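Shown next, in structure tokens, is the structure this report addresses.
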Amino acid sequence: MYSVGCAITPLLIGVTGGIGSGKSYIAQILSRIGIPVFDCDAEAKALYNSNTEVKAFMLELFGAEVYNTSTGQVNRSFLASQIFSNEPLRKKVECVVHRATEQQLVKWLSTQQAPLCAVETALLYAIPSLMAICQAFITVEADLEVRIERIKLRDKALPNEIEARIFAQQGVPTYQGDKPHLTVVNNPSSSLLSQLIPFLETLYSKS
């Protein structure tokens, strides 16, 4: 365990992997064996609509059209059109949303009683501030053909679209550091628990 201010919080495991690797399935396994999981990407999406600071920032940056939908929630198509080809603007938005998400994560951790918790997010190794909160890491990998098939079944996408999405992540940083790290191979024939359990037992001994 470690301290945030005066609060003692659980040892936090960062879970990440490329699209189609099955990181969400690994996170589900952790949850089923009693390790609470914070879905960073889902929380970030929700914050566009639930966090007053994020909403105020978005309105100031893009105007009322960014929330001009029948439900009053963020217009994701409009937002994508604004930041897709504008990297400085995209990074500006991501910075605000990442900061708000990390604040939610720290609050969530302060309510957890389990010795180990996990945070799942796609771009973990590209976010130094989030990596600093984690004390251990799990990287999920799978063979390319396995990833393509999973995405095809999940998203009903065409093969060329899938490959473009996969290779767009080629520049995402990999783990570099000295904290405990496990690479899980998540192919259909893989024994996932035999990979996870020894690593988790080591972390339990540290918590």
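Every chain in the structure tokens takes a letter, A first, then B, and so on in the order presented; its residues are numbered from 1, and the ligands are numbered from 1 following the presented order.
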
Pick out the residues sitting within 12 Å of segment 159-169 of chain A, and hand them over as a CSV table (one decimal) with N, CA, C and O atoms, in the first residue's frame; count only C-alpha atoms, and ignore anything fewer than 5 positions along from it in its own chain.
```
chain,number,residue,atom,x,y,z
A,17,GLY,N,-2.9,-2.6,-23.1
A,17,GLY,CA,-2.6,-3.4,-24.2
A,17,GLY,C,-3.2,-2.8,-25.5
A,17,GLY,O,-4.1,-2.0,-25.4
A,18,GLY,N,-2.7,-3.2,-26.6
A,18,GLY,CA,-3.2,-2.7,-27.9
A,18,GLY,C,-4.7,-3.1,-28.2
A,18,GLY,O,-5.2,-4.1,-27.5
A,19,ILE,N,-5.3,-2.5,-29.1
A,19,ILE,CA,-6.7,-2.8,-29.5
A,19,ILE,C,-6.7,-4.3,-29.9
A,19,ILE,O,-5.9,-4.8,-30.7
A,20,GLY,N,-7.7,-5.0,-29.4
A,20,GLY,CA,-7.9,-6.4,-29.7
A,20,GLY,C,-7.0,-7.4,-28.9
A,20,GLY,O,-7.1,-8.6,-29.1
A,21,SER,N,-6.2,-6.9,-28.1
A,21,SER,CA,-5.3,-7.7,-27.3
A,21,SER,C,-6.1,-8.5,-26.2
A,21,SER,O,-5.7,-9.5,-25.7
A,122,ALA,N,-6.1,2.2,-22.3
A,122,ALA,CA,-5.4,1.8,-23.5
A,122,ALA,C,-4.0,2.4,-23.6
A,122,ALA,O,-3.1,1.8,-24.1
A,123,LEU,N,-3.9,3.7,-23.2
A,123,LEU,CA,-2.7,4.5,-23.5
A,123,LEU,C,-1.8,4.7,-22.2
A,123,LEU,O,-1.2,5.8,-22.1
A,125,TYR,N,1.0,3.8,-21.0
A,125,TYR,CA,2.5,4.1,-21.0
A,125,TYR,C,2.8,5.5,-21.7
A,125,TYR,O,3.9,5.9,-21.7
A,126,ALA,N,1.7,6.1,-22.2
A,126,ALA,CA,1.9,7.4,-22.8
A,126,ALA,C,1.5,8.5,-21.8
A,126,ALA,O,1.5,9.7,-22.2
A,142,ALA,N,-1.4,-10.2,-27.9
A,142,ALA,CA,-2.0,-11.3,-28.6
A,142,ALA,C,-1.4,-11.3,-30.0
A,142,ALA,O,-1.0,-10.2,-30.5
A,143,ASP,N,-1.5,-12.4,-30.7
A,143,ASP,CA,-1.0,-12.5,-32.1
A,143,ASP,C,-1.9,-11.6,-33.0
A,143,ASP,O,-3.1,-11.4,-32.7
A,144,LEU,N,-1.3,-11.1,-34.0
A,144,LEU,CA,-2.0,-10.1,-34.9
A,144,LEU,C,-3.3,-10.7,-35.5
A,144,LEU,O,-4.3,-10.0,-35.4
A,145,GLU,N,-3.3,-11.9,-35.9
A,145,GLU,CA,-4.5,-12.5,-36.5
A,145,GLU,C,-5.6,-12.7,-35.5
A,145,GLU,O,-6.8,-12.6,-35.8
A,146,VAL,N,-5.2,-13.0,-34.3
A,146,VAL,CA,-6.2,-13.1,-33.2
A,146,VAL,C,-6.8,-11.7,-32.9
A,146,VAL,O,-8.0,-11.6,-32.7
A,147,ARG,N,-6.0,-10.7,-32.9
A,147,ARG,CA,-6.5,-9.4,-32.6
A,147,ARG,C,-7.5,-8.9,-33.7
A,147,ARG,O,-8.5,-8.4,-33.4
A,148,ILE,N,-7.1,-9.2,-34.9
A,148,ILE,CA,-8.0,-8.8,-36.1
A,148,ILE,C,-9.3,-9.5,-36.0
A,148,ILE,O,-10.4,-8.9,-36.1
A,149,GLU,N,-9.3,-10.8,-35.6
A,149,GLU,CA,-10.6,-11.5,-35.5
A,149,GLU,C,-11.4,-11.0,-34.4
A,149,GLU,O,-12.7,-10.9,-34.5
A,150,ARG,N,-10.8,-10.7,-33.3
A,150,ARG,CA,-11.6,-10.2,-32.1
A,150,ARG,C,-12.2,-8.9,-32.5
A,150,ARG,O,-13.4,-8.6,-32.2
A,151,ILE,N,-11.5,-8.0,-33.1
A,151,ILE,CA,-12.1,-6.7,-33.5
A,151,ILE,C,-13.2,-6.8,-34.5
A,151,ILE,O,-14.2,-6.1,-34.4
A,152,LYS,N,-13.0,-7.7,-35.4
A,152,LYS,CA,-14.0,-7.9,-36.5
A,152,LYS,C,-15.3,-8.4,-35.8
A,152,LYS,O,-16.4,-7.9,-36.2
A,153,LEU,N,-15.2,-9.3,-34.9
A,153,LEU,CA,-16.4,-9.8,-34.2
A,153,LEU,C,-17.1,-8.8,-33.3
A,153,LEU,O,-18.3,-8.7,-33.3
A,154,ARG,N,-16.2,-8.0,-32.7
A,154,ARG,CA,-16.7,-7.0,-31.7
A,154,ARG,C,-17.3,-5.8,-32.4
A,154,ARG,O,-18.4,-5.3,-32.1
A,174,THR,N,6.0,1.5,-25.0
A,174,THR,CA,6.0,0.3,-24.3
A,174,THR,C,6.5,0.5,-22.9
A,174,THR,O,7.0,1.6,-22.6
```

Report task. Would you list the contacts of Leu79 of chain A as an MDAnalysis selection string, taking every protein, DNA or RNA residue within 12 Å and counting only C-alpha atoms, but skipping same-chain residues closer than 5 positions in sequence? Result -> chainID A and resid 48 58:59 61:69 73:74 84:86 89:90 93:94

Report task. Would you return as an MDAnalysis selection string the members of segment 1-206 of chain A that DSSP assigns to strand (DSSP E) on this structure's backbone? Result -> chainID A and resid 2:4 7:9 11:17 37:39 116:120 136:141 181:185

Query - Residue neighbourhood Val37 of chain A, 10 Å, only C-alpha atoms, exclusion window fewer than 4 positions, as number ranges by chain - result: A: 12-15, 27-32, 108-109, 116-120

Would you save the residues of that selection, restricted to N, CA and C atoms, as a PDB file, in the first residue's frame?
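Result file out_14.pdb:
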```pdb
ATOM      1  N   LEU A  12      -1.650  -0.407  -6.641  1.00  0.00           N
ATOM      2  CA  LEU A  12      -2.391  -0.257  -7.890  1.00  0.00           C
ATOM      3  C   LEU A  12      -1.632  -0.870  -9.064  1.00  0.00           C
ATOM      4  N   ILE A  13      -2.340  -1.712  -9.824  1.00  0.00           N
ATOM      5  CA  ILE A  13      -1.786  -2.360 -11.015  1.00  0.00           C
ATOM      6  C   ILE A  13      -2.355  -1.676 -12.250  1.00  0.00           C
ATOM      7  N   GLY A  14      -1.486  -1.230 -13.143  1.00  0.00           N
ATOM      8  CA  GLY A  14      -1.929  -0.686 -14.419  1.00  0.00           C
ATOM      9  C   GLY A  14      -2.055  -1.804 -15.445  1.00  0.00           C
ATOM     10  N   VAL A  15      -3.217  -1.897 -16.091  1.00  0.00           N
ATOM     11  CA  VAL A  15      -3.472  -2.943 -17.096  1.00  0.00           C
ATOM     12  C   VAL A  15      -3.670  -2.267 -18.448  1.00  0.00           C
ATOM     13  N   ALA A  27      -8.858  -7.626 -17.352  1.00  0.00           N
ATOM     14  CA  ALA A  27      -9.409  -6.812 -16.258  1.00  0.00           C
ATOM     15  C   ALA A  27     -10.616  -7.502 -15.634  1.00  0.00           C
ATOM     16  N   GLN A  28     -11.453  -8.150 -16.460  1.00  0.00           N
ATOM     17  CA  GLN A  28     -12.598  -8.890 -15.942  1.00  0.00           C
ATOM     18  C   GLN A  28     -12.151 -10.046 -15.053  1.00  0.00           C
ATOM     19  N   ILE A  29     -11.089 -10.738 -15.464  1.00  0.00           N
ATOM     20  CA  ILE A  29     -10.569 -11.833 -14.644  1.00  0.00           C
ATOM     21  C   ILE A  29     -10.102 -11.303 -13.291  1.00  0.00           C
ATOM     22  N   LEU A  30      -9.375 -10.193 -13.306  1.00  0.00           N
ATOM     23  CA  LEU A  30      -8.927  -9.604 -12.046  1.00  0.00           C
ATOM     24  C   LEU A  30     -10.111  -9.277 -11.144  1.00  0.00           C
ATOM     25  N   SER A  31     -11.150  -8.709 -11.730  1.00  0.00           N
ATOM     26  CA  SER A  31     -12.346  -8.363 -10.959  1.00  0.00           C
ATOM     27  C   SER A  31     -12.998  -9.605 -10.357  1.00  0.00           C
ATOM     28  N   ARG A  32     -13.052 -10.687 -11.137  1.00  0.00           N
ATOM     29  CA  ARG A  32     -13.697 -11.918 -10.677  1.00  0.00           C
ATOM     30  C   ARG A  32     -12.943 -12.579  -9.532  1.00  0.00           C
ATOM     31  N   TRP A 108     -11.458   7.189  -6.023  1.00  0.00           N
ATOM     32  CA  TRP A 108     -11.932   5.791  -6.020  1.00  0.00           C
ATOM     33  C   TRP A 108     -11.016   4.910  -5.180  1.00  0.00           C
ATOM     34  N   LEU A 109      -9.711   5.076  -5.358  1.00  0.00           N
ATOM     35  CA  LEU A 109      -8.759   4.279  -4.594  1.00  0.00           C
ATOM     36  C   LEU A 109      -8.929   4.482  -3.093  1.00  0.00           C
ATOM     37  N   LEU A 116      -5.053  -5.134  -3.321  1.00  0.00           N
ATOM     38  CA  LEU A 116      -4.688  -4.847  -4.702  1.00  0.00           C
ATOM     39  C   LEU A 116      -5.884  -4.273  -5.440  1.00  0.00           C
ATOM     40  N   CYS A 117      -5.625  -3.264  -6.265  1.00  0.00           N
ATOM     41  CA  CYS A 117      -6.631  -2.740  -7.185  1.00  0.00           C
ATOM     42  C   CYS A 117      -5.966  -2.603  -8.556  1.00  0.00           C
ATOM     43  N   ALA A 118      -6.778  -2.385  -9.580  1.00  0.00           N
ATOM     44  CA  ALA A 118      -6.232  -2.256 -10.932  1.00  0.00           C
ATOM     45  C   ALA A 118      -6.913  -1.114 -11.663  1.00  0.00           C
ATOM     46  N   VAL A 119      -6.181  -0.526 -12.602  1.00  0.00           N
ATOM     47  CA  VAL A 119      -6.738   0.490 -13.490  1.00  0.00           C
ATOM     48  C   VAL A 119      -6.484   0.022 -14.912  1.00  0.00           C
ATOM     49  N   GLU A 120      -7.533   0.009 -15.726  1.00  0.00           N
ATOM     50  CA  GLU A 120      -7.431  -0.418 -17.120  1.00  0.00           C
ATOM     51  C   GLU A 120      -7.500   0.797 -18.033  1.00  0.00           C
TER      52      GLU A 120
END
```

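When only C-alpha atoms are used to compute distances to Val97 of chain A, the closest of the residues A:Val140, A:Val184, A:Leu193, A:Cys40 turns out to be A:Cys40.
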
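Relative to atom CA of Leu182 of chain A, atom CA of Pro36 of chain A is found at 18.3 Å.
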
As a tab-separated table (two decimals) with N, CA, C and O atoms, in the first residue's frame, please: every residue in segment 36-191 of chain A that a backbone DSSP assignment puts in alpha helix (DSSP H).
```tsv
chain	number	residue	atom	x	y	z
A	40	CYS	N	-10.47	3.24	-16.78
A	40	CYS	CA	-10.06	4.63	-17.00
A	40	CYS	C	-10.69	5.20	-18.27
A	40	CYS	O	-11.12	6.36	-18.29
A	41	ASP	N	-10.75	4.41	-19.33
A	41	ASP	CA	-11.26	4.91	-20.60
A	41	ASP	C	-12.76	5.19	-20.52
A	41	ASP	O	-13.24	6.22	-21.02
A	42	ALA	N	-13.51	4.31	-19.86
A	42	ALA	CA	-14.94	4.53	-19.70
A	42	ALA	C	-15.20	5.74	-18.81
A	42	ALA	O	-16.11	6.54	-19.07
A	43	GLU	N	-14.40	5.89	-17.76
A	43	GLU	CA	-14.56	7.04	-16.86
A	43	GLU	C	-14.26	8.34	-17.60
A	43	GLU	O	-14.97	9.34	-17.44
A	44	ALA	N	-13.22	8.33	-18.44
A	44	ALA	CA	-12.87	9.54	-19.19
A	44	ALA	C	-14.01	9.95	-20.11
A	44	ALA	O	-14.34	11.15	-20.22
A	45	LYS	N	-14.64	9.00	-20.77
A	45	LYS	CA	-15.77	9.30	-21.65
A	45	LYS	C	-16.93	9.91	-20.86
A	45	LYS	O	-17.59	10.84	-21.32
A	46	ALA	N	-17.16	9.37	-19.67
A	46	ALA	CA	-18.27	9.86	-18.85
A	46	ALA	C	-18.02	11.28	-18.34
A	46	ALA	O	-18.97	12.07	-18.18
A	47	LEU	N	-16.77	11.62	-18.11
A	47	LEU	CA	-16.44	12.92	-17.54
A	47	LEU	C	-16.79	14.09	-18.46
A	47	LEU	O	-17.02	15.20	-17.99
A	48	TYR	N	-16.85	13.85	-19.76
A	48	TYR	CA	-17.25	14.91	-20.68
A	48	TYR	C	-18.64	15.43	-20.32
A	48	TYR	O	-18.97	16.60	-20.58
A	49	ASN	N	-19.47	14.56	-19.74
A	49	ASN	CA	-20.84	14.93	-19.42
A	49	ASN	C	-21.09	15.16	-17.92
A	49	ASN	O	-22.03	15.85	-17.56
A	50	SER	N	-20.24	14.58	-17.08
A	50	SER	CA	-20.53	14.62	-15.64
A	50	SER	C	-19.65	15.58	-14.85
A	50	SER	O	-20.02	15.98	-13.74
A	52	THR	N	-18.07	19.10	-14.07
A	52	THR	CA	-18.38	20.50	-14.39
A	52	THR	C	-17.16	21.24	-14.95
A	52	THR	O	-17.31	22.09	-15.84
A	53	GLU	N	-15.96	20.94	-14.47
A	53	GLU	CA	-14.76	21.61	-14.97
A	53	GLU	C	-14.47	21.20	-16.41
A	53	GLU	O	-14.09	22.04	-17.23
A	54	VAL	N	-14.63	19.91	-16.70
A	54	VAL	CA	-14.40	19.44	-18.07
A	54	VAL	C	-15.42	20.06	-19.02
A	54	VAL	O	-15.08	20.53	-20.11
A	55	LYS	N	-16.68	20.10	-18.60
A	55	LYS	CA	-17.73	20.68	-19.44
A	55	LYS	C	-17.47	22.16	-19.71
A	55	LYS	O	-17.62	22.64	-20.84
A	56	ALA	N	-17.08	22.88	-18.67
A	56	ALA	CA	-16.80	24.31	-18.84
A	56	ALA	C	-15.64	24.52	-19.80
A	56	ALA	O	-15.67	25.42	-20.65
A	57	PHE	N	-14.63	23.69	-19.69
A	57	PHE	CA	-13.47	23.79	-20.59
A	57	PHE	C	-13.89	23.51	-22.03
A	57	PHE	O	-13.49	24.23	-22.95
A	58	MET	N	-14.69	22.47	-22.23
A	58	MET	CA	-15.12	22.10	-23.58
A	58	MET	C	-15.97	23.20	-24.21
A	58	MET	O	-15.82	23.53	-25.39
A	59	LEU	N	-16.85	23.79	-23.42
A	59	LEU	CA	-17.71	24.86	-23.93
A	59	LEU	C	-16.88	26.10	-24.29
A	59	LEU	O	-17.14	26.77	-25.30
A	60	GLU	N	-15.90	26.41	-23.47
A	60	GLU	CA	-15.04	27.56	-23.74
A	60	GLU	C	-14.22	27.34	-25.01
A	60	GLU	O	-14.01	28.26	-25.80
A	61	LEU	N	-13.76	26.10	-25.20
A	61	LEU	CA	-12.87	25.80	-26.32
A	61	LEU	C	-13.62	25.65	-27.64
A	61	LEU	O	-13.16	26.12	-28.69
A	62	PHE	N	-14.80	25.00	-27.60
A	62	PHE	CA	-15.50	24.66	-28.84
A	62	PHE	C	-16.85	25.36	-29.02
A	62	PHE	O	-17.43	25.30	-30.11
A	76	ARG	N	-19.94	13.66	-29.91
A	76	ARG	CA	-18.66	13.01	-30.18
A	76	ARG	C	-18.25	13.13	-31.65
A	76	ARG	O	-17.05	13.20	-31.95
A	77	SER	N	-19.21	13.15	-32.55
A	77	SER	CA	-18.88	13.31	-33.96
A	77	SER	C	-18.28	14.68	-34.21
A	77	SER	O	-17.28	14.82	-34.92
A	78	PHE	N	-18.90	15.71	-33.63
A	78	PHE	CA	-18.37	17.07	-33.77
A	78	PHE	C	-16.99	17.17	-33.14
A	78	PHE	O	-16.06	17.74	-33.74
A	79	LEU	N	-16.83	16.60	-31.95
A	79	LEU	CA	-15.55	16.67	-31.26
A	79	LEU	C	-14.46	16.00	-32.08
A	79	LEU	O	-13.36	16.55	-32.25
A	80	ALA	N	-14.76	14.82	-32.62
A	80	ALA	CA	-13.78	14.10	-33.43
A	80	ALA	C	-13.38	14.92	-34.65
A	80	ALA	O	-12.20	14.95	-35.04
A	81	SER	N	-14.35	15.60	-35.26
A	81	SER	CA	-14.05	16.41	-36.45
A	81	SER	C	-13.13	17.58	-36.12
A	81	SER	O	-12.39	18.05	-36.98
A	82	GLN	N	-13.16	18.04	-34.87
A	82	GLN	CA	-12.35	19.18	-34.47
A	82	GLN	C	-10.92	18.79	-34.10
A	82	GLN	O	-9.98	19.55	-34.34
A	83	ILE	N	-10.76	17.59	-33.52
A	83	ILE	CA	-9.44	17.25	-32.99
A	83	ILE	C	-8.73	16.15	-33.78
A	83	ILE	O	-7.54	15.90	-33.55
A	87	GLU	N	-3.44	17.89	-33.84
A	87	GLU	CA	-2.79	17.24	-32.71
A	87	GLU	C	-2.63	18.17	-31.50
A	87	GLU	O	-2.89	17.73	-30.36
A	88	PRO	N	-2.22	19.44	-31.66
A	88	PRO	CA	-2.11	20.32	-30.48
A	88	PRO	C	-3.45	20.47	-29.74
A	88	PRO	O	-3.48	20.47	-28.51
A	89	LEU	N	-4.55	20.59	-30.51
A	89	LEU	CA	-5.86	20.72	-29.88
A	89	LEU	C	-6.26	19.42	-29.19
A	89	LEU	O	-6.80	19.44	-28.09
A	90	ARG	N	-5.98	18.29	-29.84
A	90	ARG	CA	-6.31	16.99	-29.24
A	90	ARG	C	-5.55	16.81	-27.93
A	90	ARG	O	-6.13	16.35	-26.93
A	91	LYS	N	-4.28	17.17	-27.92
A	91	LYS	CA	-3.49	17.02	-26.70
A	91	LYS	C	-3.98	17.94	-25.60
A	91	LYS	O	-3.94	17.58	-24.42
A	92	LYS	N	-4.46	19.12	-25.98
A	92	LYS	CA	-5.01	20.06	-24.99
A	92	LYS	C	-6.24	19.47	-24.31
A	92	LYS	O	-6.38	19.54	-23.09
A	93	VAL	N	-7.13	18.86	-25.12
A	93	VAL	CA	-8.32	18.23	-24.57
A	93	VAL	C	-7.94	17.03	-23.71
A	93	VAL	O	-8.44	16.85	-22.59
A	94	GLU	N	-7.03	16.20	-24.21
A	94	GLU	CA	-6.62	15.00	-23.49
A	94	GLU	C	-6.00	15.36	-22.14
A	94	GLU	O	-6.23	14.67	-21.15
A	95	CYS	N	-5.23	16.43	-22.10
A	95	CYS	CA	-4.59	16.84	-20.85
A	95	CYS	C	-5.62	17.14	-19.77
A	95	CYS	O	-5.49	16.69	-18.62
A	96	VAL	N	-6.66	17.87	-20.13
A	96	VAL	CA	-7.70	18.22	-19.16
A	96	VAL	C	-8.48	16.97	-18.73
A	96	VAL	O	-8.74	16.77	-17.53
A	97	VAL	N	-8.83	16.13	-19.69
A	97	VAL	CA	-9.61	14.93	-19.37
A	97	VAL	C	-8.77	13.94	-18.57
A	97	VAL	O	-9.27	13.34	-17.60
A	98	HIS	N	-7.50	13.77	-18.93
A	98	HIS	CA	-6.63	12.88	-18.16
A	98	HIS	C	-6.50	13.33	-16.72
A	98	HIS	O	-6.55	12.52	-15.79
A	99	ARG	N	-6.33	14.63	-16.51
A	99	ARG	CA	-6.19	15.15	-15.15
A	99	ARG	C	-7.45	14.87	-14.33
A	99	ARG	O	-7.37	14.43	-13.18
A	100	ALA	N	-8.61	15.11	-14.93
A	100	ALA	CA	-9.87	14.87	-14.22
A	100	ALA	C	-10.06	13.38	-13.94
A	100	ALA	O	-10.57	12.99	-12.88
A	101	THR	N	-9.65	12.54	-14.89
A	101	THR	CA	-9.78	11.09	-14.71
A	101	THR	C	-8.89	10.60	-13.58
A	101	THR	O	-9.29	9.77	-12.76
A	102	GLU	N	-7.66	11.11	-13.53
A	102	GLU	CA	-6.75	10.72	-12.46
A	102	GLU	C	-7.27	11.16	-11.09
A	102	GLU	O	-7.12	10.45	-10.10
A	103	GLN	N	-7.92	12.32	-11.03
A	103	GLN	CA	-8.52	12.77	-9.78
A	103	GLN	C	-9.61	11.81	-9.33
A	103	GLN	O	-9.72	11.47	-8.14
A	104	GLN	N	-10.42	11.34	-10.29
A	104	GLN	CA	-11.46	10.36	-9.97
A	104	GLN	C	-10.85	9.05	-9.51
A	104	GLN	O	-11.37	8.39	-8.60
A	105	LEU	N	-9.76	8.66	-10.16
A	105	LEU	CA	-9.08	7.41	-9.78
A	105	LEU	C	-8.58	7.48	-8.35
A	105	LEU	O	-8.77	6.53	-7.57
A	106	VAL	N	-7.95	8.58	-7.98
A	106	VAL	CA	-7.43	8.73	-6.62
A	106	VAL	C	-8.58	8.70	-5.60
A	106	VAL	O	-8.47	8.07	-4.54
A	107	LYS	N	-9.69	9.35	-5.92
A	107	LYS	CA	-10.87	9.31	-5.03
A	107	LYS	C	-11.38	7.89	-4.89
A	107	LYS	O	-11.72	7.43	-3.80
A	108	TRP	N	-11.46	7.19	-6.02
A	108	TRP	CA	-11.93	5.79	-6.02
A	108	TRP	C	-11.02	4.91	-5.18
A	108	TRP	O	-11.49	4.10	-4.37
A	109	LEU	N	-9.71	5.08	-5.36
A	109	LEU	CA	-8.76	4.28	-4.59
A	109	LEU	C	-8.93	4.48	-3.09
A	109	LEU	O	-8.79	3.54	-2.31
A	110	SER	N	-9.23	5.70	-2.69
A	110	SER	CA	-9.35	6.01	-1.26
A	110	SER	C	-10.55	5.31	-0.62
A	110	SER	O	-10.62	5.22	0.60
A	128	PRO	N	2.60	9.76	-18.30
A	128	PRO	CA	3.54	9.64	-17.17
A	128	PRO	C	2.88	9.83	-15.80
A	128	PRO	O	3.24	9.13	-14.84
A	129	SER	N	1.97	10.78	-15.69
A	129	SER	CA	1.35	11.04	-14.39
A	129	SER	C	0.53	9.86	-13.91
A	129	SER	O	0.48	9.58	-12.70
A	130	LEU	N	-0.12	9.14	-14.83
A	130	LEU	CA	-0.89	7.96	-14.45
A	130	LEU	C	0.04	6.80	-14.13
A	130	LEU	O	-0.19	6.04	-13.17
A	131	MET	N	1.12	6.66	-14.89
A	131	MET	CA	2.09	5.61	-14.58
A	131	MET	C	2.68	5.80	-13.19
A	131	MET	O	2.98	4.82	-12.50
A	132	ALA	N	2.85	7.05	-12.78
A	132	ALA	CA	3.45	7.32	-11.48
A	132	ALA	C	2.56	6.83	-10.33
A	132	ALA	O	3.07	6.48	-9.26
A	133	ILE	N	1.25	6.78	-10.56
A	133	ILE	CA	0.32	6.32	-9.53
A	133	ILE	C	0.39	4.81	-9.38
A	133	ILE	O	0.14	4.27	-8.30
A	144	LEU	N	-1.30	-11.07	-34.03
A	144	LEU	CA	-2.00	-10.12	-34.90
A	144	LEU	C	-3.29	-10.69	-35.46
A	144	LEU	O	-4.33	-10.02	-35.45
A	145	GLU	N	-3.27	-11.93	-35.95
A	145	GLU	CA	-4.48	-12.51	-36.54
A	145	GLU	C	-5.58	-12.69	-35.50
A	145	GLU	O	-6.77	-12.58	-35.80
A	146	VAL	N	-5.19	-12.96	-34.27
A	146	VAL	CA	-6.16	-13.09	-33.18
A	146	VAL	C	-6.80	-11.74	-32.89
A	146	VAL	O	-8.02	-11.62	-32.72
A	147	ARG	N	-5.99	-10.69	-32.86
A	147	ARG	CA	-6.50	-9.35	-32.60
A	147	ARG	C	-7.47	-8.92	-33.71
A	147	ARG	O	-8.53	-8.35	-33.42
A	148	ILE	N	-7.10	-9.18	-34.95
A	148	ILE	CA	-7.97	-8.81	-36.07
A	148	ILE	C	-9.31	-9.51	-35.96
A	148	ILE	O	-10.37	-8.89	-36.14
A	149	GLU	N	-9.31	-10.79	-35.64
A	149	GLU	CA	-10.57	-11.55	-35.54
A	149	GLU	C	-11.43	-11.02	-34.40
A	149	GLU	O	-12.66	-10.91	-34.53
A	150	ARG	N	-10.82	-10.70	-33.28
A	150	ARG	CA	-11.58	-10.18	-32.13
A	150	ARG	C	-12.25	-8.85	-32.48
A	150	ARG	O	-13.41	-8.62	-32.16
A	151	ILE	N	-11.49	-7.96	-33.12
A	151	ILE	CA	-12.05	-6.65	-33.47
A	151	ILE	C	-13.15	-6.80	-34.51
A	151	ILE	O	-14.17	-6.11	-34.45
A	152	LYS	N	-12.97	-7.72	-35.45
A	152	LYS	CA	-13.99	-7.95	-36.47
A	152	LYS	C	-15.30	-8.41	-35.84
A	152	LYS	O	-16.38	-7.93	-36.20
A	153	LEU	N	-15.21	-9.33	-34.89
A	153	LEU	CA	-16.42	-9.84	-34.22
A	153	LEU	C	-17.06	-8.77	-33.34
A	153	LEU	O	-18.28	-8.66	-33.26
A	154	ARG	N	-16.23	-7.97	-32.68
A	154	ARG	CA	-16.73	-6.96	-31.74
A	154	ARG	C	-17.32	-5.75	-32.43
A	154	ARG	O	-18.39	-5.27	-32.06
A	155	ASP	N	-16.61	-5.24	-33.44
A	155	ASP	CA	-16.97	-3.96	-34.04
A	155	ASP	C	-17.57	-4.07	-35.43
A	155	ASP	O	-17.97	-3.04	-36.01
A	159	PRO	N	-11.59	-5.64	-42.64
A	159	PRO	CA	-10.19	-5.96	-42.34
A	159	PRO	C	-9.23	-4.80	-42.53
A	159	PRO	O	-8.33	-4.59	-41.70
A	160	ASN	N	-9.39	-4.01	-43.61
A	160	ASN	CA	-8.47	-2.89	-43.83
A	160	ASN	C	-8.63	-1.81	-42.76
A	160	ASN	O	-7.66	-1.17	-42.35
A	161	GLU	N	-9.87	-1.62	-42.27
A	161	GLU	CA	-10.10	-0.66	-41.19
A	161	GLU	C	-9.45	-1.14	-39.90
A	161	GLU	O	-8.86	-0.35	-39.16
A	162	ILE	N	-9.57	-2.43	-39.66
A	162	ILE	CA	-9.00	-3.01	-38.44
A	162	ILE	C	-7.49	-2.88	-38.43
A	162	ILE	O	-6.88	-2.46	-37.44
A	163	GLU	N	-6.86	-3.23	-39.55
A	163	GLU	CA	-5.41	-3.16	-39.62
A	163	GLU	C	-4.93	-1.72	-39.46
A	163	GLU	O	-3.90	-1.47	-38.81
A	164	ALA	N	-5.67	-0.77	-40.01
A	164	ALA	CA	-5.30	0.64	-39.86
A	164	ALA	C	-5.35	1.06	-38.39
A	164	ALA	O	-4.48	1.80	-37.91
A	165	ARG	N	-6.37	0.59	-37.67
A	165	ARG	CA	-6.50	0.94	-36.26
A	165	ARG	C	-5.38	0.31	-35.43
A	165	ARG	O	-4.84	0.93	-34.50
A	166	ILE	N	-5.03	-0.92	-35.76
A	166	ILE	CA	-3.96	-1.61	-35.04
A	166	ILE	C	-2.62	-0.91	-35.27
A	166	ILE	O	-1.88	-0.62	-34.33
A	167	PHE	N	-2.32	-0.65	-36.54
A	167	PHE	CA	-1.01	-0.07	-36.84
A	167	PHE	C	-0.92	1.40	-36.44
A	167	PHE	O	0.19	1.93	-36.30
```

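Reported to one decimal place, the separation of atom CA of Ser194 of chain A from atom CA of Gln112 of chain A is 26.2 Å.
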
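The interatomic distance for the pair atom CA of Thr139 of chain A and atom CA of Ile35 of chain A works out to 16.7 Å.
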
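Closest approach to Phe38 of chain A among A:Gln195, A:Gln176, A:Ser70, A:Thr111 is made by A:Thr111 (distances from only C-alpha atoms).
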